[in-house]
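Shown here: start23.cif, mmCIF, N, CA and C atoms.
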data_work
loop_
_atom_site.group_PDB
_atom_site.id
_atom_site.type_symbol
_atom_site.label_atom_id
_atom_site.label_comp_id
_atom_site.auth_asym_id
_atom_site.auth_seq_id
_atom_site.Cartn_x
_atom_site.Cartn_y
_atom_site.Cartn_z
ATOM 1 N N MET E 499 -60.073 12.329 -27.503
ATOM 2 C CA MET E 499 -59.219 12.419 -28.657
ATOM 3 C C MET E 499 -58.445 11.119 -28.825
ATOM 4 N N SER E 500 -58.143 10.770 -30.066
ATOM 5 C CA SER E 500 -57.385 9.554 -30.323
ATOM 6 C C SER E 500 -55.904 9.783 -30.055
ATOM 7 N N GLU E 501 -55.154 8.686 -30.032
ATOM 8 C CA GLU E 501 -53.717 8.783 -29.801
ATOM 9 C C GLU E 501 -53.057 9.552 -30.940
ATOM 10 N N PRO E 502 -52.240 10.563 -30.609
ATOM 11 C CA PRO E 502 -51.595 11.352 -31.653
ATOM 12 C C PRO E 502 -50.428 10.608 -32.278
ATOM 13 N N GLU E 503 -50.131 10.955 -33.502
ATOM 14 C CA GLU E 503 -48.941 10.461 -34.164
ATOM 15 C C GLU E 503 -47.966 11.619 -34.247
ATOM 16 N N GLU E 504 -46.982 11.653 -33.358
ATOM 17 C CA GLU E 504 -45.985 12.711 -33.411
ATOM 18 C C GLU E 504 -44.989 12.347 -34.510
ATOM 19 N N GLU E 505 -44.756 13.272 -35.397
ATOM 20 C CA GLU E 505 -43.798 13.077 -36.468
ATOM 21 C C GLU E 505 -42.633 14.012 -36.216
ATOM 22 N N ALA E 506 -41.520 13.791 -36.889
ATOM 23 C CA ALA E 506 -40.333 14.608 -36.671
ATOM 24 C C ALA E 506 -40.619 16.086 -36.898
ATOM 25 N N ASP E 507 -41.477 16.399 -37.827
ATOM 26 C CA ASP E 507 -41.735 17.799 -38.144
ATOM 27 C C ASP E 507 -43.208 18.166 -38.046
ATOM 28 N N GLY E 508 -44.008 17.405 -37.314
ATOM 29 C CA GLY E 508 -45.421 17.753 -37.260
ATOM 30 C C GLY E 508 -46.257 16.844 -36.396
ATOM 31 N N TYR E 509 -47.544 16.822 -36.728
ATOM 32 C CA TYR E 509 -48.530 16.073 -35.949
ATOM 33 C C TYR E 509 -49.647 15.621 -36.879
ATOM 34 N N ARG E 510 -50.107 14.417 -36.669
ATOM 35 C CA ARG E 510 -51.266 13.885 -37.380
ATOM 36 C C ARG E 510 -52.132 13.176 -36.347
ATOM 37 N N GLY E 511 -53.393 13.577 -36.256
ATOM 38 C CA GLY E 511 -54.298 12.991 -35.280
ATOM 39 C C GLY E 511 -55.549 13.833 -35.178
ATOM 40 N N THR E 512 -56.105 13.917 -33.973
ATOM 41 C CA THR E 512 -57.304 14.726 -33.787
ATOM 42 C C THR E 512 -56.958 15.989 -32.996
ATOM 43 N N ALA E 513 -57.794 16.994 -33.181
ATOM 44 C CA ALA E 513 -57.643 18.237 -32.434
ATOM 45 C C ALA E 513 -59.020 18.813 -32.178
ATOM 46 N N GLU E 514 -59.138 19.523 -31.074
ATOM 47 C CA GLU E 514 -60.342 20.301 -30.817
ATOM 48 C C GLU E 514 -60.139 21.632 -31.520
ATOM 49 N N VAL E 515 -61.138 22.045 -32.308
ATOM 50 C CA VAL E 515 -61.028 23.268 -33.093
ATOM 51 C C VAL E 515 -62.152 24.211 -32.696
ATOM 52 N N SER E 516 -61.785 25.462 -32.407
ATOM 53 C CA SER E 516 -62.759 26.498 -32.065
ATOM 54 C C SER E 516 -62.690 27.603 -33.105
ATOM 55 N N VAL E 517 -63.862 28.050 -33.529
ATOM 56 C CA VAL E 517 -64.008 29.193 -34.423
ATOM 57 C C VAL E 517 -64.972 30.137 -33.721
ATOM 58 N N ALA E 518 -64.680 31.437 -33.735
ATOM 59 C CA ALA E 518 -65.506 32.416 -33.026
ATOM 60 C C ALA E 518 -66.996 32.221 -33.308
ATOM 61 N N GLY E 519 -67.772 32.198 -32.250
ATOM 62 C CA GLY E 519 -69.220 32.091 -32.376
ATOM 63 C C GLY E 519 -69.743 30.701 -32.673
ATOM 64 N N GLN E 520 -68.877 29.707 -32.687
ATOM 65 C CA GLN E 520 -69.277 28.340 -33.002
ATOM 66 C C GLN E 520 -68.892 27.403 -31.852
ATOM 67 N N PRO E 521 -69.559 26.261 -31.732
ATOM 68 C CA PRO E 521 -69.156 25.295 -30.702
ATOM 69 C C PRO E 521 -67.807 24.670 -31.060
ATOM 70 N N THR E 522 -67.088 24.212 -30.059
ATOM 71 C CA THR E 522 -65.827 23.511 -30.292
ATOM 72 C C THR E 522 -66.127 22.136 -30.851
ATOM 73 N N VAL E 523 -65.372 21.734 -31.881
ATOM 74 C CA VAL E 523 -65.551 20.424 -32.499
ATOM 75 C C VAL E 523 -64.227 19.681 -32.503
ATOM 76 N N THR E 524 -64.293 18.376 -32.600
ATOM 77 C CA THR E 524 -63.095 17.546 -32.707
ATOM 78 C C THR E 524 -63.022 17.011 -34.124
ATOM 79 N N THR E 525 -61.871 17.195 -34.762
ATOM 80 C CA THR E 525 -61.700 16.770 -36.141
ATOM 81 C C THR E 525 -60.289 16.257 -36.382
ATOM 82 N N SER E 526 -60.102 15.614 -37.507
ATOM 83 C CA SER E 526 -58.807 15.091 -37.912
ATOM 84 C C SER E 526 -57.958 16.219 -38.491
ATOM 85 N N VAL E 527 -56.680 16.271 -38.077
ATOM 86 C CA VAL E 527 -55.773 17.306 -38.565
ATOM 87 C C VAL E 527 -54.451 16.696 -38.998
ATOM 88 N N GLU E 528 -53.790 17.402 -39.896
ATOM 89 C CA GLU E 528 -52.422 17.098 -40.296
ATOM 90 C C GLU E 528 -51.670 18.410 -40.228
ATOM 91 N N LEU E 529 -50.603 18.465 -39.427
ATOM 92 C CA LEU E 529 -49.856 19.697 -39.225
ATOM 93 C C LEU E 529 -48.365 19.455 -39.408
ATOM 94 N N ALA E 530 -47.679 20.431 -39.955
ATOM 95 C CA ALA E 530 -46.227 20.350 -40.124
ATOM 96 C C ALA E 530 -45.672 21.764 -40.125
ATOM 97 N N GLY E 531 -44.395 21.902 -39.900
ATOM 98 C CA GLY E 531 -43.808 23.233 -39.891
ATOM 99 C C GLY E 531 -42.303 23.199 -39.974
ATOM 100 N N ASN E 532 -41.727 24.396 -39.986
ATOM 101 C CA ASN E 532 -40.277 24.509 -40.032
ATOM 102 C C ASN E 532 -39.861 25.884 -39.533
ATOM 103 N N PHE E 533 -38.612 25.981 -39.104
ATOM 104 C CA PHE E 533 -38.056 27.240 -38.649
ATOM 105 C C PHE E 533 -37.621 28.046 -39.867
ATOM 106 N N GLU E 534 -38.050 29.294 -39.922
ATOM 107 C CA GLU E 534 -37.686 30.199 -41.011
ATOM 108 C C GLU E 534 -36.543 31.089 -40.514
ATOM 109 N N PRO E 535 -35.304 30.827 -40.933
ATOM 110 C CA PRO E 535 -34.174 31.580 -40.398
ATOM 111 C C PRO E 535 -34.190 33.070 -40.740
ATOM 112 N N ILE E 536 -34.750 33.442 -41.866
ATOM 113 C CA ILE E 536 -34.767 34.856 -42.241
ATOM 114 C C ILE E 536 -35.687 35.652 -41.314
ATOM 115 N N SER E 537 -36.885 35.123 -41.035
ATOM 116 C CA SER E 537 -37.808 35.829 -40.149
ATOM 117 C C SER E 537 -37.552 35.513 -38.683
ATOM 118 N N GLY E 538 -36.834 34.419 -38.420
ATOM 119 C CA GLY E 538 -36.558 34.019 -37.046
ATOM 120 C C GLY E 538 -37.757 33.421 -36.340
ATOM 121 N N ARG E 539 -38.720 32.912 -37.109
ATOM 122 C CA ARG E 539 -39.942 32.343 -36.524
ATOM 123 C C ARG E 539 -40.142 30.912 -36.992
ATOM 124 N N TYR E 540 -40.867 30.165 -36.169
ATOM 125 C CA TYR E 540 -41.323 28.840 -36.568
ATOM 126 C C TYR E 540 -42.657 29.035 -37.268
ATOM 127 N N VAL E 541 -42.777 28.580 -38.500
ATOM 128 C CA VAL E 541 -44.000 28.711 -39.280
ATOM 129 C C VAL E 541 -44.566 27.317 -39.493
ATOM 130 N N TRP E 542 -45.848 27.160 -39.237
ATOM 131 C CA TRP E 542 -46.476 25.846 -39.396
ATOM 132 C C TRP E 542 -47.765 25.999 -40.193
ATOM 133 N N HIS E 543 -48.187 24.895 -40.768
ATOM 134 C CA HIS E 543 -49.369 24.891 -41.625
ATOM 135 C C HIS E 543 -50.025 23.519 -41.521
ATOM 136 N N GLY E 544 -51.221 23.413 -42.050
ATOM 137 C CA GLY E 544 -51.874 22.114 -41.982
ATOM 138 C C GLY E 544 -53.238 22.099 -42.624
ATOM 139 N N ARG E 545 -53.919 21.012 -42.359
ATOM 140 C CA ARG E 545 -55.229 20.741 -42.956
ATOM 141 C C ARG E 545 -56.190 20.311 -41.856
ATOM 142 N N LEU E 546 -57.393 20.907 -41.872
ATOM 143 C CA LEU E 546 -58.476 20.520 -40.961
ATOM 144 C C LEU E 546 -59.527 19.815 -41.800
ATOM 145 N N ARG E 547 -59.835 18.603 -41.469
ATOM 146 C CA ARG E 547 -60.799 17.831 -42.251
ATOM 147 C C ARG E 547 -62.218 17.986 -41.685
ATOM 148 N N SER E 548 -63.201 17.999 -42.569
ATOM 149 C CA SER E 548 -64.632 17.953 -42.225
ATOM 150 C C SER E 548 -65.138 19.124 -41.392
ATOM 151 N N LEU E 549 -64.460 20.252 -41.403
ATOM 152 C CA LEU E 549 -64.876 21.377 -40.570
ATOM 153 C C LEU E 549 -66.253 21.915 -40.977
ATOM 154 N N THR E 550 -66.512 22.033 -42.272
ATOM 155 C CA THR E 550 -67.810 22.524 -42.733
ATOM 156 C C THR E 550 -68.925 21.578 -42.297
ATOM 157 N N GLU E 551 -68.699 20.279 -42.413
ATOM 158 C CA GLU E 551 -69.711 19.300 -42.024
ATOM 159 C C GLU E 551 -69.984 19.357 -40.521
ATOM 160 N N LEU E 552 -68.946 19.577 -39.730
ATOM 161 C CA LEU E 552 -69.102 19.601 -38.276
ATOM 162 C C LEU E 552 -69.761 20.880 -37.774
ATOM 163 N N LEU E 553 -69.457 22.016 -38.402
ATOM 164 C CA LEU E 553 -69.985 23.295 -37.944
ATOM 165 C C LEU E 553 -71.212 23.763 -38.714
ATOM 166 N N GLY E 554 -71.441 23.193 -39.880
ATOM 167 C CA GLY E 554 -72.583 23.598 -40.691
ATOM 168 C C GLY E 554 -72.188 24.641 -41.733
ATOM 169 N N ARG E 555 -72.937 24.685 -42.782
ATOM 170 C CA ARG E 555 -72.637 25.590 -43.898
ATOM 171 C C ARG E 555 -72.791 27.062 -43.534
ATOM 172 N N GLY E 556 -73.500 27.371 -42.453
ATOM 173 C CA GLY E 556 -73.686 28.761 -42.053
ATOM 174 C C GLY E 556 -72.500 29.351 -41.301
ATOM 175 N N ALA E 557 -71.547 28.517 -40.883
ATOM 176 C CA ALA E 557 -70.381 28.997 -40.141
ATOM 177 C C ALA E 557 -69.454 29.774 -41.062
ATOM 178 N N ASP E 558 -68.879 30.870 -40.553
ATOM 179 C CA ASP E 558 -67.913 31.646 -41.342
ATOM 180 C C ASP E 558 -66.567 30.948 -41.300
ATOM 181 N N LEU E 559 -66.248 30.258 -42.379
ATOM 182 C CA LEU E 559 -64.978 29.548 -42.509
ATOM 183 C C LEU E 559 -64.220 30.076 -43.726
ATOM 184 N N SER E 560 -64.355 31.371 -43.966
ATOM 185 C CA SER E 560 -63.713 31.990 -45.123
ATOM 186 C C SER E 560 -62.221 32.200 -44.871
ATOM 187 N N VAL E 561 -61.491 32.459 -45.953
ATOM 188 C CA VAL E 561 -60.057 32.734 -45.858
ATOM 189 C C VAL E 561 -59.849 33.915 -44.908
ATOM 190 N N GLY E 562 -58.896 33.751 -43.991
ATOM 191 C CA GLY E 562 -58.600 34.783 -43.005
ATOM 192 C C GLY E 562 -59.249 34.557 -41.661
ATOM 193 N N THR E 563 -60.216 33.644 -41.590
ATOM 194 C CA THR E 563 -60.889 33.359 -40.321
ATOM 195 C C THR E 563 -59.904 32.732 -39.337
ATOM 196 N N GLU E 564 -59.896 33.209 -38.107
ATOM 197 C CA GLU E 564 -59.014 32.685 -37.077
ATOM 198 C C GLU E 564 -59.620 31.424 -36.463
ATOM 199 N N VAL E 565 -58.778 30.427 -36.254
ATOM 200 C CA VAL E 565 -59.178 29.189 -35.592
ATOM 201 C C VAL E 565 -58.233 28.946 -34.423
ATOM 202 N N PHE E 566 -58.711 28.243 -33.419
ATOM 203 C CA PHE E 566 -57.922 27.907 -32.241
ATOM 204 C C PHE E 566 -57.887 26.395 -32.138
ATOM 205 N N LEU E 567 -56.677 25.820 -32.137
ATOM 206 C CA LEU E 567 -56.511 24.369 -32.107
ATOM 207 C C LEU E 567 -55.945 23.900 -30.779
ATOM 208 N N THR E 568 -56.458 22.768 -30.295
ATOM 209 C CA THR E 568 -55.928 22.120 -29.105
ATOM 210 C C THR E 568 -55.695 20.652 -29.422
ATOM 211 N N THR E 569 -54.441 20.206 -29.256
ATOM 212 C CA THR E 569 -54.075 18.795 -29.414
ATOM 213 C C THR E 569 -53.683 18.281 -28.032
ATOM 214 N N PRO E 570 -53.397 17.001 -27.906
ATOM 215 C CA PRO E 570 -52.985 16.492 -26.594
ATOM 216 C C PRO E 570 -51.701 17.133 -26.051
ATOM 217 N N THR E 571 -50.916 17.800 -26.917
ATOM 218 C CA THR E 571 -49.642 18.359 -26.453
ATOM 219 C C THR E 571 -49.529 19.867 -26.575
ATOM 220 N N GLY E 572 -50.599 20.565 -26.973
ATOM 221 C CA GLY E 572 -50.492 22.014 -27.053
ATOM 222 C C GLY E 572 -51.698 22.698 -27.648
ATOM 223 N N THR E 573 -51.651 24.033 -27.633
ATOM 224 C CA THR E 573 -52.705 24.855 -28.212
ATOM 225 C C THR E 573 -52.068 25.985 -29.010
ATOM 226 N N ALA E 574 -52.786 26.468 -30.029
ATOM 227 C CA ALA E 574 -52.275 27.573 -30.838
ATOM 228 C C ALA E 574 -53.387 28.161 -31.693
ATOM 229 N N ASN E 575 -53.178 29.393 -32.131
ATOM 230 C CA ASN E 575 -54.071 30.065 -33.068
ATOM 231 C C ASN E 575 -53.505 29.942 -34.468
ATOM 232 N N ALA E 576 -54.394 29.918 -35.447
ATOM 233 C CA ALA E 576 -54.006 29.894 -36.857
ATOM 234 C C ALA E 576 -55.080 30.618 -37.649
ATOM 235 N N ARG E 577 -54.837 30.793 -38.932
ATOM 236 C CA ARG E 577 -55.819 31.405 -39.834
ATOM 237 C C ARG E 577 -56.068 30.479 -41.009
ATOM 238 N N ILE E 578 -57.315 30.444 -41.464
ATOM 239 C CA ILE E 578 -57.648 29.668 -42.652
ATOM 240 C C ILE E 578 -57.049 30.377 -43.867
ATOM 241 N N THR E 579 -56.340 29.610 -44.707
ATOM 242 C CA THR E 579 -55.699 30.192 -45.888
ATOM 243 C C THR E 579 -56.349 29.755 -47.191
ATOM 244 N N ALA E 580 -57.058 28.627 -47.187
ATOM 245 C CA ALA E 580 -57.685 28.124 -48.411
ATOM 246 C C ALA E 580 -58.579 26.940 -48.068
ATOM 247 N N VAL E 581 -59.388 26.548 -49.048
ATOM 248 C CA VAL E 581 -60.173 25.322 -48.965
ATOM 249 C C VAL E 581 -59.757 24.481 -50.161
ATOM 250 N N ASP E 582 -59.352 23.219 -49.904
ATOM 251 C CA ASP E 582 -58.888 22.382 -51.009
ATOM 252 C C ASP E 582 -60.067 21.755 -51.766
ATOM 253 N N LEU E 583 -59.765 21.006 -52.806
ATOM 254 C CA LEU E 583 -60.793 20.406 -53.659
ATOM 255 C C LEU E 583 -61.706 19.437 -52.920
ATOM 256 N N TRP E 584 -61.265 18.901 -51.786
ATOM 257 C CA TRP E 584 -62.036 17.931 -51.026
ATOM 258 C C TRP E 584 -62.784 18.579 -49.869
ATOM 259 N N GLY E 585 -62.711 19.902 -49.763
ATOM 260 C CA GLY E 585 -63.427 20.621 -48.724
ATOM 261 C C GLY E 585 -62.688 20.770 -47.407
ATOM 262 N N SER E 586 -61.436 20.330 -47.354
ATOM 263 C CA SER E 586 -60.640 20.514 -46.139
ATOM 264 C C SER E 586 -60.145 21.953 -46.070
ATOM 265 N N HIS E 587 -60.026 22.480 -44.861
ATOM 266 C CA HIS E 587 -59.548 23.847 -44.672
ATOM 267 C C HIS E 587 -58.050 23.836 -44.399
ATOM 268 N N MET E 588 -57.315 24.589 -45.209
ATOM 269 C CA MET E 588 -55.875 24.729 -45.035
ATOM 270 C C MET E 588 -55.652 25.884 -44.066
ATOM 271 N N ILE E 589 -54.707 25.710 -43.139
ATOM 272 C CA ILE E 589 -54.433 26.737 -42.140
ATOM 273 C C ILE E 589 -52.947 27.039 -42.078
ATOM 274 N N GLU E 590 -52.626 28.179 -41.473
ATOM 275 C CA GLU E 590 -51.229 28.570 -41.281
ATOM 276 C C GLU E 590 -51.109 29.327 -39.965
ATOM 277 N N GLY E 591 -50.032 29.049 -39.242
ATOM 278 C CA GLY E 591 -49.763 29.738 -37.988
ATOM 279 C C GLY E 591 -48.287 30.060 -37.880
ATOM 280 N N ALA E 592 -47.938 30.930 -36.969
ATOM 281 C CA ALA E 592 -46.538 31.280 -36.723
ATOM 282 C C ALA E 592 -46.301 31.266 -35.223
ATOM 283 N N GLY E 593 -45.116 30.884 -34.837
ATOM 284 C CA GLY E 593 -44.802 30.760 -33.421
ATOM 285 C C GLY E 593 -44.989 29.322 -32.976
ATOM 286 N N ALA E 594 -45.158 29.138 -31.694
ATOM 287 C CA ALA E 594 -45.288 27.788 -31.148
ATOM 288 C C ALA E 594 -46.538 27.093 -31.716
ATOM 289 N N PRO E 595 -46.366 25.919 -32.315
ATOM 290 C CA PRO E 595 -47.508 25.182 -32.861
ATOM 291 C C PRO E 595 -48.216 24.377 -31.764
ATOM 292 N N PRO E 596 -49.362 23.781 -32.085
ATOM 293 C CA PRO E 596 -50.075 22.998 -31.076
ATOM 294 C C PRO E 596 -49.575 21.555 -30.968
ATOM 295 N N TYR E 597 -48.316 21.339 -31.243
ATOM 296 C CA TYR E 597 -47.686 20.015 -31.112
ATOM 297 C C TYR E 597 -46.256 20.219 -30.649
ATOM 298 N N GLU E 598 -45.642 19.169 -30.146
ATOM 299 C CA GLU E 598 -44.249 19.265 -29.675
ATOM 300 C C GLU E 598 -43.343 19.439 -30.878
ATOM 301 N N TRP E 599 -42.480 20.444 -30.820
ATOM 302 C CA TRP E 599 -41.661 20.760 -31.984
ATOM 303 C C TRP E 599 -40.200 20.992 -31.684
ATOM 304 N N ILE E 600 -39.804 20.947 -30.434
ATOM 305 C CA ILE E 600 -38.391 21.170 -30.091
ATOM 306 C C ILE E 600 -37.732 19.863 -29.764
#
Give the structure from the file, written as structure tokens.
Amino acid sequence: MSEPEEEADGYRGTAEVSVAGQPTVTTSVELAGNFEPISGRYVWHGRLRSLTELLGRGADLSVGTEVFLTTPTGTANARITAVDLWGSHMIEGAGAPPYEWI
């Protein structure tokens, strides 16, 4: 994995991404989050680039699919929430993110 760019509220760099029934792949990610005082949880979201190209068109990457991310500083589960116009998969997670956040 390449050197991560830790940002005040997120992470930009590479991550290993696992989707059930598929091999683990390394891809570029952008992640950010914030503490939600009403729910009392840390909510984070981000973008996974080139996932369809890396896993193939036959992989189930539909909305709601669970993904597991590993960065140099952490691991976490998230769910795919959308696919943007450029084919990147948008994700969302709650709780501890796969980057340093405290």
Self-check item: Selection near Val527 (chain E), 6.5 Å with all atoms listed in the file, sequence-local residues under 5 positions removed, as a ChimeraX atom specification
Solution: /E:509-513,545-547
Quiz item: Hey, what's within 8 Å of Ser516 (chain E) if we count all atoms listed in the file and toss same-chain stuff fewer than 3 positions away? As an MDAnalysis selection string, please?
Solution: chainID E and resid 513 519:524 564:568
Self-check item: Exercise: Gly591 (chain E) partners within 7 Å, only C-alpha atoms, chain neighbours under 2 positions left out, as number ranges by chain
Solution: E: 541-543, 575-577, 589, 593
Self-check item: Long-range neighbours of Arg539 (chain E) as a list in words, 6.5 Å cut-off, all atoms listed in the file, 6 positions minimum in chain
Solution: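 Surrounding residues, per the criterion: Asn532, Phe533, Ala592 and Gly593 of chain E.
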Quiz item: What residues in region 500-578 of chain E get the DSSP label alpha helix (DSSP H)? Please answer as a list in words.
Solution: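 Taking region 500-578 of chain E and keeping alpha helix (DSSP H) only, one gets Leu549, Thr550, Glu551, Leu552 and Leu553 of chain E.
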Exercise. Decode the PyMOL selection byres ((chain E and resi 570) around 8) for the given file into explicit residues and return them as a PyMOL selection string.
Key: chain E and resi 499-500+502+512-514+567-569+571-573+596-598
Just the selected residues (N, CA and C atoms), exported as a short mmCIF file (atom, residue, chain, number, x, y, z; two decimals), in the coordinates of the input, please.
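Output contents, as saved in out03.cif:
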data_model
loop_
_atom_site.label_atom_id
_atom_site.label_comp_id
_atom_site.auth_asym_id
_atom_site.auth_seq_id
_atom_site.Cartn_x
_atom_site.Cartn_y
_atom_site.Cartn_z
N MET E 499 -60.07 12.33 -27.50
CA MET E 499 -59.22 12.42 -28.66
C MET E 499 -58.44 11.12 -28.82
N SER E 500 -58.14 10.77 -30.07
CA SER E 500 -57.38 9.55 -30.32
C SER E 500 -55.90 9.78 -30.06
N PRO E 502 -52.24 10.56 -30.61
CA PRO E 502 -51.60 11.35 -31.65
C PRO E 502 -50.43 10.61 -32.28
N THR E 512 -56.10 13.92 -33.97
CA THR E 512 -57.30 14.73 -33.79
C THR E 512 -56.96 15.99 -33.00
N ALA E 513 -57.79 16.99 -33.18
CA ALA E 513 -57.64 18.24 -32.43
C ALA E 513 -59.02 18.81 -32.18
N GLU E 514 -59.14 19.52 -31.07
CA GLU E 514 -60.34 20.30 -30.82
C GLU E 514 -60.14 21.63 -31.52
N LEU E 567 -56.68 25.82 -32.14
CA LEU E 567 -56.51 24.37 -32.11
C LEU E 567 -55.94 23.90 -30.78
N THR E 568 -56.46 22.77 -30.30
CA THR E 568 -55.93 22.12 -29.10
C THR E 568 -55.70 20.65 -29.42
N THR E 569 -54.44 20.21 -29.26
CA THR E 569 -54.08 18.80 -29.41
C THR E 569 -53.68 18.28 -28.03
N THR E 571 -50.92 17.80 -26.92
CA THR E 571 -49.64 18.36 -26.45
C THR E 571 -49.53 19.87 -26.58
N GLY E 572 -50.60 20.56 -26.97
CA GLY E 572 -50.49 22.01 -27.05
C GLY E 572 -51.70 22.70 -27.65
N THR E 573 -51.65 24.03 -27.63
CA THR E 573 -52.70 24.86 -28.21
C THR E 573 -52.07 25.98 -29.01
N PRO E 596 -49.36 23.78 -32.08
CA PRO E 596 -50.08 23.00 -31.08
C PRO E 596 -49.58 21.56 -30.97
N TYR E 597 -48.32 21.34 -31.24
CA TYR E 597 -47.69 20.02 -31.11
C TYR E 597 -46.26 20.22 -30.65
N GLU E 598 -45.64 19.17 -30.15
CA GLU E 598 -44.25 19.26 -29.68
C GLU E 598 -43.34 19.44 -30.88
#
Quiz item: Counting all atoms listed in the file, which of E:Ala580, E:Pro535, E:Ala574, E:Leu529 gets nearest to Pro595 (chain E)?
Solution: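 Of E:Ala580, E:Pro535, E:Ala574, E:Leu529, the one nearest Pro595 (chain E), counting all atoms listed in the file, is E:Ala574.
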Practice problem: Compile the contact shell of Gly585 (chain E) as a ChimeraX atom specification: residues with an atom at most 6 Å away, counting only N, CA and C atoms, same-chain residues fewer than 3 positions apart removed. | Solution: /E:548,581-582
So that I have them on file, write out the residues from the current selection with N, CA and C atoms, as a short mmCIF file (atom, residue, chain, number, x, y, z; two decimals), in the coordinates of the input.
data_model
loop_
_atom_site.label_atom_id
_atom_site.label_comp_id
_atom_site.auth_asym_id
_atom_site.auth_seq_id
_atom_site.Cartn_x
_atom_site.Cartn_y
_atom_site.Cartn_z
N SER E 548 -63.20 18.00 -42.57
CA SER E 548 -64.63 17.95 -42.22
C SER E 548 -65.14 19.12 -41.39
N VAL E 581 -59.39 26.55 -49.05
CA VAL E 581 -60.17 25.32 -48.96
C VAL E 581 -59.76 24.48 -50.16
N ASP E 582 -59.35 23.22 -49.90
CA ASP E 582 -58.89 22.38 -51.01
C ASP E 582 -60.07 21.76 -51.77
#
